[in-house]
file query.pdb (PDB, C-alpha atoms and all ligand atoms)
ATOM      1  CA  MET A   1       0.000   0.000   0.000
ATOM      2  CA  ASN A   2       1.301   3.498  -0.852
ATOM      3  CA  ALA A   3       1.841   5.922   2.030
ATOM      4  CA  PRO A   4       0.067   9.256   1.596
ATOM      5  CA  GLN A   5       2.146  12.044   0.047
ATOM      6  CA  ARG A   6       3.142  15.363   1.594
ATOM      7  CA  GLN A   7       2.562  14.414   5.220
ATOM      8  CA  SER A   8       4.982  15.714   7.802
ATOM      9  CA  ALA A   9       7.620  13.402   9.290
ATOM     10  CA  PRO A  10       5.955  13.432  12.783
ATOM     11  CA  ASP A  11       2.589  12.435  11.253
ATOM     12  CA  LEU A  12       4.176   9.663   9.217
ATOM     13  CA  LEU A  13       6.067   8.417  12.272
ATOM     14  CA  ALA A  14       2.885   8.327  14.309
ATOM     15  CA  ARG A  15       1.180   6.200  11.613
ATOM     16  CA  ALA A  16       4.204   3.917  11.399
ATOM     17  CA  ARG A  17       4.410   3.389  15.159
ATOM     18  CA  ALA A  18       0.724   2.549  15.346
ATOM     19  CA  LEU A  19       1.077  -0.054  12.588
ATOM     20  CA  GLU A  20       4.401  -1.631  13.478
ATOM     21  CA  ALA A  21       3.135  -4.513  15.623
ATOM     22  CA  SER A  22       0.189  -5.503  13.412
ATOM     23  CA  ALA A  23       1.382  -4.590   9.910
ATOM     24  CA  PRO A  24       5.192  -4.266   9.795
ATOM     25  CA  LEU A  25       5.410  -3.995   5.998
ATOM     26  CA  GLU A  26       2.984  -1.109   5.938
ATOM     27  CA  ALA A  27       4.758   0.475   8.904
ATOM     28  CA  ALA A  28       8.079   0.239   7.055
ATOM     29  CA  SER A  29       6.539   2.123   4.145
ATOM     30  CA  TYR A  30       5.530   4.950   6.496
ATOM     31  CA  TYR A  31       8.951   4.956   8.178
ATOM     32  CA  HIS A  32      10.510   5.226   4.740
ATOM     33  CA  GLN A  33       8.276   8.169   3.869
ATOM     34  CA  ALA A  34       9.186   9.776   7.206
ATOM     35  CA  ARG A  35      12.892   9.482   6.440
ATOM     36  CA  LEU A  36      12.350  10.958   2.984
ATOM     37  CA  ALA A  37      10.508  13.879   4.615
ATOM     38  CA  ASP A  38      13.285  14.288   7.207
ATOM     39  CA  PRO A  39      16.598  12.696   6.142
ATOM     40  CA  ALA A  40      17.981  13.157   9.675
ATOM     41  CA  CYS A  41      15.143  11.203  11.337
ATOM     42  CA  LEU A  42      16.929   8.546  13.400
ATOM     43  CA  GLU A  43      13.717   7.006  14.659
ATOM     44  CA  ALA A  44      12.624   6.208  11.096
ATOM     45  CA  HIS A  45      16.111   5.077  10.099
ATOM     46  CA  ASN A  46      16.518   2.745  13.087
ATOM     47  CA  ALA A  47      13.030   1.313  12.556
ATOM     48  CA  LEU A  48      13.856   0.495   8.925
ATOM     49  CA  GLU A  49      16.965  -1.334  10.168
ATOM     50  CA  ARG A  50      14.957  -3.156  12.845
ATOM     51  CA  LEU A  51      12.290  -4.232  10.357
ATOM     52  CA  GLY A  52      14.866  -5.401   7.806
ATOM     53  CA  SER A  53      13.271  -3.163   5.192
ATOM     54  CA  ASP A  54      14.609  -3.027   1.633
ATOM     55  CA  HIS A  55      15.371   0.610   2.483
ATOM     56  CA  ALA A  56      17.634  -0.363   5.407
ATOM     57  CA  TYR A  57      21.222   0.802   4.924
ATOM     58  CA  GLY A  58      22.487  -2.354   6.604
ATOM     59  CA  LYS A  59      21.231  -4.405   3.653
ATOM     60  CA  TRP A  60      23.710  -2.922   1.217
ATOM     61  CA  MET A  61      26.418  -1.622   3.572
ATOM     62  CA  ARG A  62      26.522  -5.031   5.249
ATOM     63  CA  VAL A  63      27.214  -3.518   8.658
ATOM     64  CA  ASP A  64      24.875  -2.989  11.586
ATOM     65  CA  SER A  65      23.640   0.504  10.677
ATOM     66  CA  VAL A  66      21.624   1.389  13.778
ATOM     67  CA  ILE A  67      22.699   4.789  15.133
ATOM     68  CA  ASP A  68      22.321   5.710  18.803
ATOM     69  CA  ALA A  69      20.368   8.932  19.371
ATOM     70  CA  ARG A  70      22.939   9.954  22.046
ATOM     71  CA  ASP A  71      25.775   9.927  19.517
ATOM     72  CA  ASP A  72      27.166  13.478  19.306
ATOM     73  CA  ILE A  73      29.293  12.528  16.314
ATOM     74  CA  TYR A  74      26.074  11.780  14.446
ATOM     75  CA  ARG A  75      24.683  15.105  15.723
ATOM     76  CA  PHE A  76      27.741  16.803  14.246
ATOM     77  CA  PHE A  77      26.805  15.455  10.798
ATOM     78  CA  GLU A  78      23.165  16.359  11.353
ATOM     79  CA  GLY A  79      24.079  19.966  12.117
ATOM     80  CA  HIS A  80      26.777  20.340   9.482
ATOM     81  CA  GLU A  81      26.093  22.905   6.810
ATOM     82  CA  GLY A  82      26.007  21.236   3.408
ATOM     83  CA  VAL A  83      25.261  17.715   4.675
ATOM     84  CA  THR A  84      22.002  16.714   2.997
ATOM     85  CA  ASN A  85      21.996  13.074   4.140
ATOM     86  CA  PRO A  86      23.562  12.936   7.625
ATOM     87  CA  ILE A  87      22.750   9.255   8.163
ATOM     88  CA  ARG A  88      24.489   8.140   5.016
ATOM     89  CA  ASP A  89      27.399  10.526   5.589
ATOM     90  CA  TYR A  90      27.863   9.308   9.162
ATOM     91  CA  LEU A  91      27.884   5.663   8.064
ATOM     92  CA  ALA A  92      30.180   6.346   5.110
ATOM     93  CA  ASP A  93      32.556   8.258   7.391
ATOM     94  CA  GLY A  94      33.319   5.097   9.355
ATOM     95  CA  TRP A  95      34.180   3.366   6.081
ATOM     96  CA  ARG A  96      36.529   6.209   5.333
ATOM     97  CA  THR A  97      38.306   5.753   8.680
ATOM     98  CA  LEU A  98      38.713   2.057   7.926
ATOM     99  CA  SER A  99      40.359   2.762   4.599
ATOM    100  CA  GLU A 100      42.567   5.505   6.100
ATOM    101  CA  LEU A 101      43.723   3.202   8.901
ATOM    102  CA  MET A 102      44.348   0.275   6.551
ATOM    103  CA  LEU A 103      46.505   2.419   4.262
ATOM    104  CA  LEU A 104      48.495   3.736   7.228
ATOM    105  CA  LEU A 105      49.100   0.255   8.655
ATOM    106  CA  GLU A 106      50.194  -1.044   5.240
ATOM    107  CA  ARG A 107      52.805   1.731   5.149
ATOM    108  CA  GLU A 108      53.880   0.747   8.667
ATOM    109  CA  GLY A 109      54.305  -2.890   7.659
ATOM    110  CA  LYS A 110      51.582  -4.072  10.033
ATOM    111  CA  PRO A 111      48.464  -4.868   7.981
ATOM    112  CA  LEU A 112      45.226  -4.588   9.909
ATOM    113  CA  THR A 113      44.079  -8.061   8.879
ATOM    114  CA  GLY A 114      47.061  -9.570  10.747
ATOM    115  CA  VAL A 115      46.428  -7.713  14.009
ATOM    116  CA  ARG A 116      45.964 -10.239  16.820
ATOM    117  CA  SER A 117      44.021  -8.032  19.226
ATOM    118  CA  MET A 118      42.953  -4.423  18.993
ATOM    119  CA  LEU A 119      41.822  -1.822  21.490
ATOM    120  CA  GLU A 120      39.759   0.943  19.974
ATOM    121  CA  PHE A 121      39.985   3.522  22.729
ATOM    122  CA  ALA A 122      37.527   6.458  22.717
ATOM    123  CA  SER A 123      35.243   4.456  20.447
ATOM    124  CA  GLY A 124      32.132   6.525  21.201
ATOM    125  CA  PHE A 125      28.928   5.027  19.832
ATOM    126  CA  GLY A 126      30.756   3.010  17.187
ATOM    127  CA  ARG A 127      30.929   5.266  14.147
ATOM    128  CA  PHE A 128      34.048   3.301  13.137
ATOM    129  CA  THR A 129      33.601   0.134  15.227
ATOM    130  CA  ARG A 130      30.743  -1.225  13.104
ATOM    131  CA  HIS A 131      33.087  -1.350  10.083
ATOM    132  CA  LEU A 132      36.136  -2.534  12.019
ATOM    133  CA  VAL A 133      34.444  -5.675  13.401
ATOM    134  CA  ARG A 134      33.949  -7.011   9.898
ATOM    135  CA  VAL A 135      37.727  -7.049   9.451
ATOM    136  CA  LEU A 136      38.633  -8.329  12.919
ATOM    137  CA  PRO A 137      35.709 -10.380  14.233
ATOM    138  CA  GLY A 138      36.344 -11.468  17.824
ATOM    139  CA  ARG A 139      39.514  -9.404  18.091
ATOM    140  CA  VAL A 140      38.188  -5.923  18.967
ATOM    141  CA  THR A 141      37.819  -4.352  22.408
ATOM    142  CA  CYS A 142      36.250  -0.914  22.811
ATOM    143  CA  CYS A 143      36.439   1.627  25.580
ATOM    144  CA  ASP A 144      34.805   5.005  26.145
ATOM    145  CA  VAL A 145      33.588   7.173  28.968
ATOM    146  CA  LEU A 146      30.205   8.232  27.528
ATOM    147  CA  PRO A 147      27.302   6.714  29.474
ATOM    148  CA  GLY A 148      25.701   3.876  27.515
ATOM    149  CA  SER A 149      28.315   3.827  24.746
ATOM    150  CA  THR A 150      30.085   0.607  25.737
ATOM    151  CA  ASP A 151      26.787  -1.265  26.211
ATOM    152  CA  PHE A 152      25.715  -0.053  22.772
ATOM    153  CA  VAL A 153      28.831  -1.242  20.931
ATOM    154  CA  ARG A 154      28.925  -4.539  22.833
ATOM    155  CA  GLU A 155      25.285  -5.341  22.133
ATOM    156  CA  ARG A 156      25.161  -4.108  18.526
ATOM    157  CA  PHE A 157      28.568  -5.033  17.176
ATOM    158  CA  GLY A 158      29.565  -7.988  19.353
ATOM    159  CA  VAL A 159      32.844  -6.462  20.540
ATOM    160  CA  GLN A 160      34.235  -6.669  24.041
ATOM    161  CA  ALA A 161      33.848  -3.303  25.739
ATOM    162  CA  PHE A 162      34.523  -1.675  29.086
ATOM    163  CA  ASP A 163      33.925   1.734  30.637
ATOM    164  CA  SER A 164      36.764   4.203  30.809
ATOM    165  CA  GLN A 165      37.632   6.706  33.531
ATOM    166  CA  PHE A 166      38.440  10.399  33.444
ATOM    167  CA  ASP A 167      41.588   9.678  35.452
ATOM    168  CA  PRO A 168      43.876   7.359  33.431
ATOM    169  CA  ALA A 169      45.402   5.993  36.648
ATOM    170  CA  ARG A 170      42.034   4.418  37.492
ATOM    171  CA  ILE A 171      41.699   2.386  34.289
ATOM    172  CA  ALA A 172      42.296  -1.344  34.715
ATOM    173  CA  TRP A 173      43.063  -2.820  31.302
ATOM    174  CA  PRO A 174      41.341  -6.177  30.799
ATOM    175  CA  GLY A 175      44.095  -7.317  28.423
ATOM    176  CA  ARG A 176      47.100  -6.293  26.345
ATOM    177  CA  TYR A 177      46.785  -5.362  22.724
ATOM    178  CA  ASP A 178      48.688  -5.771  19.487
ATOM    179  CA  LEU A 179      47.206  -2.490  18.239
ATOM    180  CA  ILE A 180      45.806   0.420  20.218
ATOM    181  CA  PHE A 181      43.980   2.885  17.991
ATOM    182  CA  ILE A 182      42.752   6.196  19.322
ATOM    183  CA  LEU A 183      41.077   8.510  16.859
ATOM    184  CA  SER A 184      40.477  12.104  17.890
ATOM    185  CA  PHE A 185      41.046  11.792  21.643
ATOM    186  CA  PHE A 186      44.413  13.532  22.001
ATOM    187  CA  THR A 187      42.893  16.273  19.810
ATOM    188  CA  HIS A 188      40.725  17.029  22.870
ATOM    189  CA  VAL A 189      42.838  16.195  25.927
ATOM    190  CA  PRO A 190      44.876  19.007  27.565
ATOM    191  CA  LEU A 191      48.601  18.613  26.939
ATOM    192  CA  HIS A 192      49.544  18.426  30.621
ATOM    193  CA  ALA A 193      47.569  15.158  30.826
ATOM    194  CA  TRP A 194      49.249  13.506  27.808
ATOM    195  CA  PRO A 195      52.260  11.828  29.513
ATOM    196  CA  GLN A 196      50.061  10.044  32.035
ATOM    197  CA  TRP A 197      47.656   8.853  29.341
ATOM    198  CA  LEU A 198      50.523   7.750  27.102
ATOM    199  CA  ALA A 199      52.204   5.815  29.916
ATOM    200  CA  ARG A 200      48.924   3.991  30.559
ATOM    201  CA  PHE A 201      48.532   3.084  26.880
ATOM    202  CA  ASP A 202      52.102   1.828  26.836
ATOM    203  CA  ALA A 203      51.224  -0.467  29.756
ATOM    204  CA  ALA A 204      48.366  -1.953  27.683
ATOM    205  CA  LEU A 205      50.515  -2.615  24.619
ATOM    206  CA  ASP A 206      51.586  -6.149  23.813
ATOM    207  CA  GLU A 207      55.167  -7.017  22.883
ATOM    208  CA  GLY A 208      55.789  -5.666  19.356
ATOM    209  CA  GLY A 209      52.496  -3.770  19.465
ATOM    210  CA  LEU A 210      51.694  -0.444  17.893
ATOM    211  CA  LEU A 211      50.065   2.622  19.409
ATOM    212  CA  VAL A 212      48.353   4.805  16.806
ATOM    213  CA  PHE A 213      46.602   8.047  17.664
ATOM    214  CA  SER A 214      45.634  11.242  15.914
ATOM    215  CA  ILE A 215      46.488  14.888  16.550
ATOM    216  CA  HIS A 216      45.491  18.112  14.844
ATOM    217  CA  ASN A 217      47.888  18.984  12.064
ATOM    218  CA  PRO A 218      49.810  22.089  13.238
ATOM    219  CA  GLY A 219      48.854  23.876  10.004
ATOM    220  CA  TYR A 220      45.223  23.505  11.033
ATOM    221  CA  ALA A 221      45.871  25.745  14.059
ATOM    222  CA  ILE A 222      47.301  28.421  11.766
ATOM    223  CA  GLU A 223      44.371  28.073   9.331
ATOM    224  CA  HIS A 224      42.003  28.677  12.269
ATOM    225  CA  SER A 225      44.053  31.520  13.800
ATOM    226  CA  VAL A 226      44.739  29.535  16.981
ATOM    227  CA  LYS A 227      47.696  31.029  18.815
ATOM    228  CA  LEU A 228      50.081  28.477  20.329
ATOM    229  CA  ASP A 229      51.849  29.331  23.621
ATOM    230  CA  ASP A 230      55.635  29.479  23.988
ATOM    231  CA  GLN A 231      55.663  25.708  24.642
ATOM    232  CA  GLY A 232      54.008  25.081  21.266
ATOM    233  CA  GLY A 233      50.560  24.139  22.556
ATOM    234  CA  ALA A 234      47.015  25.438  22.932
ATOM    235  CA  PHE A 235      43.880  24.160  24.636
ATOM    236  CA  LEU A 236      40.455  25.647  23.872
ATOM    237  CA  ARG A 237      37.557  24.984  26.221
ATOM    238  CA  SER A 238      35.035  23.822  23.648
ATOM    239  CA  SER A 239      34.213  20.507  21.977
ATOM    240  CA  GLU A 240      31.518  18.545  20.158
ATOM    241  CA  GLN A 241      30.730  16.321  23.169
ATOM    242  CA  SER A 242      27.856  17.785  25.167
ATOM    243  CA  ALA A 243      28.241  15.236  28.005
ATOM    244  CA  LEU A 244      31.894  15.986  28.855
ATOM    245  CA  SER A 245      33.416  18.807  30.911
ATOM    246  CA  THR A 246      35.491  21.261  28.861
ATOM    247  CA  GLU A 247      38.128  21.213  31.625
ATOM    248  CA  GLU A 248      39.091  17.654  30.703
ATOM    249  CA  TYR A 249      37.869  17.549  27.121
ATOM    250  CA  GLY A 250      38.251  20.617  24.883
ATOM    251  CA  THR A 251      40.190  21.131  21.663
ATOM    252  CA  THR A 252      43.966  20.692  21.606
ATOM    253  CA  PHE A 253      46.667  21.921  19.235
ATOM    254  CA  ALA A 254      50.421  21.334  19.373
ATOM    255  CA  THR A 255      53.524  21.528  17.250
ATOM    256  CA  TRP A 256      55.160  18.220  16.321
ATOM    257  CA  GLU A 257      58.072  19.130  18.637
ATOM    258  CA  ARG A 258      55.675  19.490  21.552
ATOM    259  CA  VAL A 259      53.950  16.217  20.632
ATOM    260  CA  ARG A 260      57.298  14.416  20.591
ATOM    261  CA  ARG A 261      58.259  15.922  23.979
ATOM    262  CA  GLU A 262      55.023  14.724  25.592
ATOM    263  CA  ILE A 263      55.479  11.224  24.145
ATOM    264  CA  GLU A 264      59.053  11.074  25.442
ATOM    265  CA  ALA A 265      57.788  12.131  28.877
ATOM    266  CA  GLY A 266      55.114   9.401  28.876
ATOM    267  CA  ILE A 267      56.989   6.604  27.077
ATOM    268  CA  PRO A 268      60.735   7.266  27.415
ATOM    269  CA  GLY A 269      62.765   6.058  24.430
ATOM    270  CA  ALA A 270      59.702   5.476  22.231
ATOM    271  CA  ARG A 271      60.127   5.535  18.462
ATOM    272  CA  VAL A 272      57.689   7.990  16.908
ATOM    273  CA  GLU A 273      56.566   8.618  13.349
ATOM    274  CA  ILE A 274      54.093  11.300  12.350
ATOM    275  CA  HIS A 275      52.150  11.045   9.093
ATOM    276  CA  PRO A 276      50.549  14.365   8.113
ATOM    277  CA  ARG A 277      46.837  14.699   7.386
ATOM    278  CA  THR A 278      46.036  10.984   7.472
ATOM    279  CA  PHE A 279      42.577  11.061   9.053
ATOM    280  CA  TRP A 280      39.658  13.294   8.101
ATOM    281  CA  VAL A 281      40.649  16.740   6.862
ATOM    282  CA  ALA A 282      43.437  17.698   9.186
ATOM    283  CA  GLN A 283      44.386  14.974  11.646
ATOM    284  CA  ASP A 284      47.913  13.615  11.577
ATOM    285  CA  ALA A 285      48.593   9.999  12.515
ATOM    286  CA  VAL A 286      51.126   9.419  15.282
ATOM    287  CA  VAL A 287      52.608   5.919  15.324
ATOM    288  CA  VAL A 288      54.462   4.929  18.493
ATOM    289  CA  ARG A 289      56.630   1.872  19.092
ATOM    290  CA  ARG A 290      58.532   1.043  22.251
ATOM    291  CA  GLY A 291      62.216   1.928  21.941
TER     292      GLY A 291
HETATM  293  C1  LIG A 301      35.876  13.099  18.769
HETATM  294  S1  LIG A 301      35.189  11.720  19.589
HETATM  295  C2  LIG A 301      35.808  10.427  18.548
HETATM  296  C3  LIG A 301      35.020   9.179  18.685
HETATM  297  C4  LIG A 301      35.532   8.005  17.846
HETATM  298  N1  LIG A 301      36.933   7.750  18.069
HETATM  299  C5  LIG A 301      35.274   8.209  16.375
HETATM  300  O1  LIG A 301      36.237   8.254  15.628
HETATM  301  O2  LIG A 301      34.123   8.325  15.975
HETATM  302  C6  LIG A 301      36.182  11.540  21.028
HETATM  303  C7  LIG A 301      35.762  10.431  21.969
HETATM  304  O3  LIG A 301      36.636  10.451  23.105
HETATM  305  C8  LIG A 301      35.890   9.974  24.194
HETATM  306  N2  LIG A 301      36.546  10.241  25.477
HETATM  307  C9  LIG A 301      36.712  11.423  26.107
HETATM  308  N3  LIG A 301      37.298  11.243  27.297
HETATM  309  C10 LIG A 301      37.516   9.907  27.434
HETATM  310  C11 LIG A 301      38.113   9.091  28.446
HETATM  311  N4  LIG A 301      38.571   9.617  29.580
HETATM  312  N5  LIG A 301      38.179   7.769  28.231
HETATM  313  C12 LIG A 301      37.699   7.222  27.074
HETATM  314  N6  LIG A 301      37.131   7.935  26.096
HETATM  315  C13 LIG A 301      37.042   9.264  26.266
HETATM  316  C14 LIG A 301      34.597  10.735  24.020
HETATM  317  O4  LIG A 301      33.580  10.221  24.844
HETATM  318  C15 LIG A 301      34.340  10.556  22.527
HETATM  319  O5  LIG A 301      33.623   9.396  22.260
END
call {"tool": "encode", "arguments": {"input": "query.pdb", "output": "structure tokens"}}
result
Amino acid sequence: MNAPQRQSAPDLLARARALEASAPLEAASYYHQARLADPACLEAHNALERLGSDHAYGKWMRVDSVIDARDDIYRFFEGHEGVTNPIRDYLADGWRTLSELMLLLEREGKPLTGVRSMLEFASGFGRFTRHLVRVLPGRVTCCDVLPGSTDFVRERFGVQAFDSQFDPARIAWPGRYDLIFILSFFTHVPLHAWPQWLARFDAALDEGGLLVFSIHNPGYAIEHSVKLDDQGGAFLRSSEQSALSTEEYGTTFATWERVRREIEAGIPGARVEIHPRTFWVAQDAVVVRRG
């Protein structure tokens, strides 16, 4: 049956909800209409996934495509000027991270497919995780501090997951990892806290393991008129995460010299390589090996 034309998304959603238990096919048609009327409508999107509709993204992306309404990274896409399909862009963005990481690891001589165990730290609500688990089923552990995020990734994507802490000293690692990957966490953590975080990640690294994290490219600070202090760093008290205090989680910039100094302070003797603009528009990849 065809859904009526030109109804508002809330009206279409109300019809869909009322029909879902008794007539799921008809409900899916209304959910589809609702998402056409409002391309950012997560309720309609998640219902289409749940109902296994032909319009579900999961059918052709072949990843679990449910998006958590608490996910501020999704909200970033939703609010971004010029994004006409935030759901698709959000899902595609995780694919992009996968390809960026795979290319980096190839260059480093440590292909992702051969990684024995991986910690994705600061995994959020699984923007990237859903794609990663297809490559490393049974080998991924996630960790984040956002309430509900670790339950979400564990239940949806079948990874192991545990809650983080704001104080790195309080984190008890459940294992040691061949690869620790941390995308866009050090871009938000104040520089004075880096050595302690880095020392903790070093403690969770397996023999021969690799620590990979991202930083803002120093040129990005210049492009955005951010003034670095005489130690080559800056910390701005603003971020995209509504649930986190801007004292502990803001926006961080540093020169490569400053980055190297903080790594040396946290992991003395570490070997460090920095690959410019590897992730997203302006995040450099930092690859750290024990010395
Ligand atoms: C910019 S988001 C990136 C999320 C994810 N890595 C991605 O690529 O989509 C930064 C993440 O760092 C997480 N985070 C902040 N403080 C944390 C902490 N103390 N422990 C673990 N994760 C933390 C935030 O909750 C958020 O999910």
call {"tool": "closest_residue", "arguments": {"input": "query.pdb", "among": "A:Ala221, A:Leu211, A:Leu98, A:Val135", "to": "Trp280 of chain A", "atoms": "only C-alpha atoms"}}
result
A:Leu98
call {"tool": "residues_around", "arguments": {"input": "query.pdb", "residues": "Phe152 of chain A", "least_positions_apart": "4", "cutoff": "12 Å", "atoms": "all atoms listed in the file", "output": "PyMOL selection string"}}
result
chain A and resi 64+66-71+123-127+129-130+142-144+146-148+156-163
call {"tool": "atom_distance", "arguments": {"input": "query.pdb", "atom1": "atom CA of Glu248 of chain A", "atom2": "atom CA of Trp197 of chain A"}}
result
12.4 Å
call {"tool": "residues_around", "arguments": {"input": "query.pdb", "residues": "Asp178 of chain A", "least_positions_apart": "2", "cutoff": "7 Å", "atoms": "all atoms listed in the file", "output": "PyMOL selection string"}}
result
chain A and resi 115-118+180+205-206+209-210
call {"tool": "write_last_selection", "arguments": {"input": "query.pdb", "atoms": "C-alpha atoms", "output": "mmCIF file, keeping the file's coordinate frame"}}
result
data_model
loop_
_atom_site.group_PDB
_atom_site.id
_atom_site.type_symbol
_atom_site.label_atom_id
_atom_site.label_comp_id
_atom_site.auth_asym_id
_atom_site.auth_seq_id
_atom_site.Cartn_x
_atom_site.Cartn_y
_atom_site.Cartn_z
ATOM 1 C CA VAL A 115 46.428 -7.713 14.009
ATOM 2 C CA ARG A 116 45.964 -10.239 16.820
ATOM 3 C CA SER A 117 44.021 -8.032 19.226
ATOM 4 C CA MET A 118 42.953 -4.423 18.993
ATOM 5 C CA ILE A 180 45.806 0.420 20.218
ATOM 6 C CA LEU A 205 50.515 -2.615 24.619
ATOM 7 C CA ASP A 206 51.586 -6.149 23.813
ATOM 8 C CA GLY A 209 52.496 -3.770 19.465
ATOM 9 C CA LEU A 210 51.694 -0.444 17.893
#
call {"tool": "resolve_selection", "arguments": {"input": "query.pdb", "expression": "the PyMOL selection byres (((not hetatm)) within 9 of (chain A and resi 301))", "output": "MDAnalysis selection string"}}
result
chainID A and resid 71:74 93:94 97 120:129 143:147 149 163:168 171 181:189 239:241 243:244 248:249
call {"tool": "axis_aligned_box", "arguments": {"input": "query.pdb", "around": "segment 16-20 of chain A", "padding_each_side": "6 Å", "output": "lines of an AutoDock Vina configuration file"}}
result
center_x = 2.6
center_y = 1.1
center_z = 13.4
size_x = 15.7
size_y = 17.5
size_z = 15.9
call {"tool": "closest_residue", "arguments": {"input": "query.pdb", "among": "A:Val272, A:Leu132, A:Ile263, A:Ala204", "to": "Val286 of chain A", "atoms": "only C-alpha atoms"}}
result
A:Val272
call {"tool": "closest_residue", "arguments": {"input": "query.pdb", "among": "A:Asn85, A:Asn217, A:Ser65, A:Thr251", "to": "Arg277 of chain A", "atoms": "only C-alpha atoms"}}
result
A:Asn217
call {"tool": "closest_residue", "arguments": {"input": "query.pdb", "among": "A:His45, A:His55, A:Arg176, A:His131", "to": "Ile87 of chain A", "atoms": "all atoms listed in the file"}}
result
A:His45
call {"tool": "residues_around", "arguments": {"input": "query.pdb", "residues": "Asp284 of chain A", "least_positions_apart": "2", "cutoff": "12 Å", "atoms": "only C-alpha atoms", "output": "PyMOL selection string"}}
result
chain A and resi 100-101+104+182-184+186-187+212-220+253-256+259+273-282+286-287
call {"tool": "atom_distance", "arguments": {"input": "query.pdb", "atom1": "atom CA of Leu13 of chain A", "atom2": "atom CA of Leu36 of chain A"}}
result
11.5 Å
call {"tool": "resolve_selection", "arguments": {"input": "query.pdb", "expression": "the PyMOL selection byres (((chain A and resi 199) around 12) and not hetatm)", "output": "VMD selection string"}}
result
chain A and resid 168 to 169 171 193 to 198 200 to 205 211 262 to 270 288 290
call {"tool": "residues_near_point", "arguments": {"input": "query.pdb", "point": "(7.7, 9.5, 16.2)", "cutoff": "10 Å", "atoms": "all atoms listed in the file", "output": "MDAnalysis selection string"}}
result
chainID A and resid 9:18 31 34 41:44
call {"tool": "write_last_selection", "arguments": {"input": "query.pdb", "atoms": "C-alpha atoms", "output": "PDB file, in the frame of the given file"}}
result
ATOM      1  CA  ALA A   9       7.620  13.402   9.290  1.00  0.00           C
ATOM      2  CA  PRO A  10       5.955  13.432  12.783  1.00  0.00           C
ATOM      3  CA  ASP A  11       2.589  12.435  11.253  1.00  0.00           C
ATOM      4  CA  LEU A  12       4.176   9.663   9.217  1.00  0.00           C
ATOM      5  CA  LEU A  13       6.067   8.417  12.272  1.00  0.00           C
ATOM      6  CA  ALA A  14       2.885   8.327  14.309  1.00  0.00           C
ATOM      7  CA  ARG A  15       1.180   6.200  11.613  1.00  0.00           C
ATOM      8  CA  ALA A  16       4.204   3.917  11.399  1.00  0.00           C
ATOM      9  CA  ARG A  17       4.410   3.389  15.159  1.00  0.00           C
ATOM     10  CA  ALA A  18       0.724   2.549  15.346  1.00  0.00           C
ATOM     11  CA  TYR A  31       8.951   4.956   8.178  1.00  0.00           C
ATOM     12  CA  ALA A  34       9.186   9.776   7.206  1.00  0.00           C
ATOM     13  CA  CYS A  41      15.143  11.203  11.337  1.00  0.00           C
ATOM     14  CA  LEU A  42      16.929   8.546  13.400  1.00  0.00           C
ATOM     15  CA  GLU A  43      13.717   7.006  14.659  1.00  0.00           C
ATOM     16  CA  ALA A  44      12.624   6.208  11.096  1.00  0.00           C
TER      17      ALA A  44
END
call {"tool": "atom_distance", "arguments": {"input": "query.pdb", "atom1": "atom CA of Leu136 of chain A", "atom2": "atom CA of Arg62 of chain A"}}
result
14.7 Å
call {"tool": "closest_residue", "arguments": {"input": "query.pdb", "among": "A:Ala23, A:Val140, A:Ile222, A:Leu119", "to": "Trp173 of chain A", "atoms": "all atoms listed in the file"}}
result
A:Leu119
call {"tool": "closest_residue", "arguments": {"input": "query.pdb", "among": "A:Gln33, A:Ser225, A:Gln283, A:Ser99", "to": "Gln7 of chain A", "atoms": "only C-alpha atoms"}}
result
A:Gln33
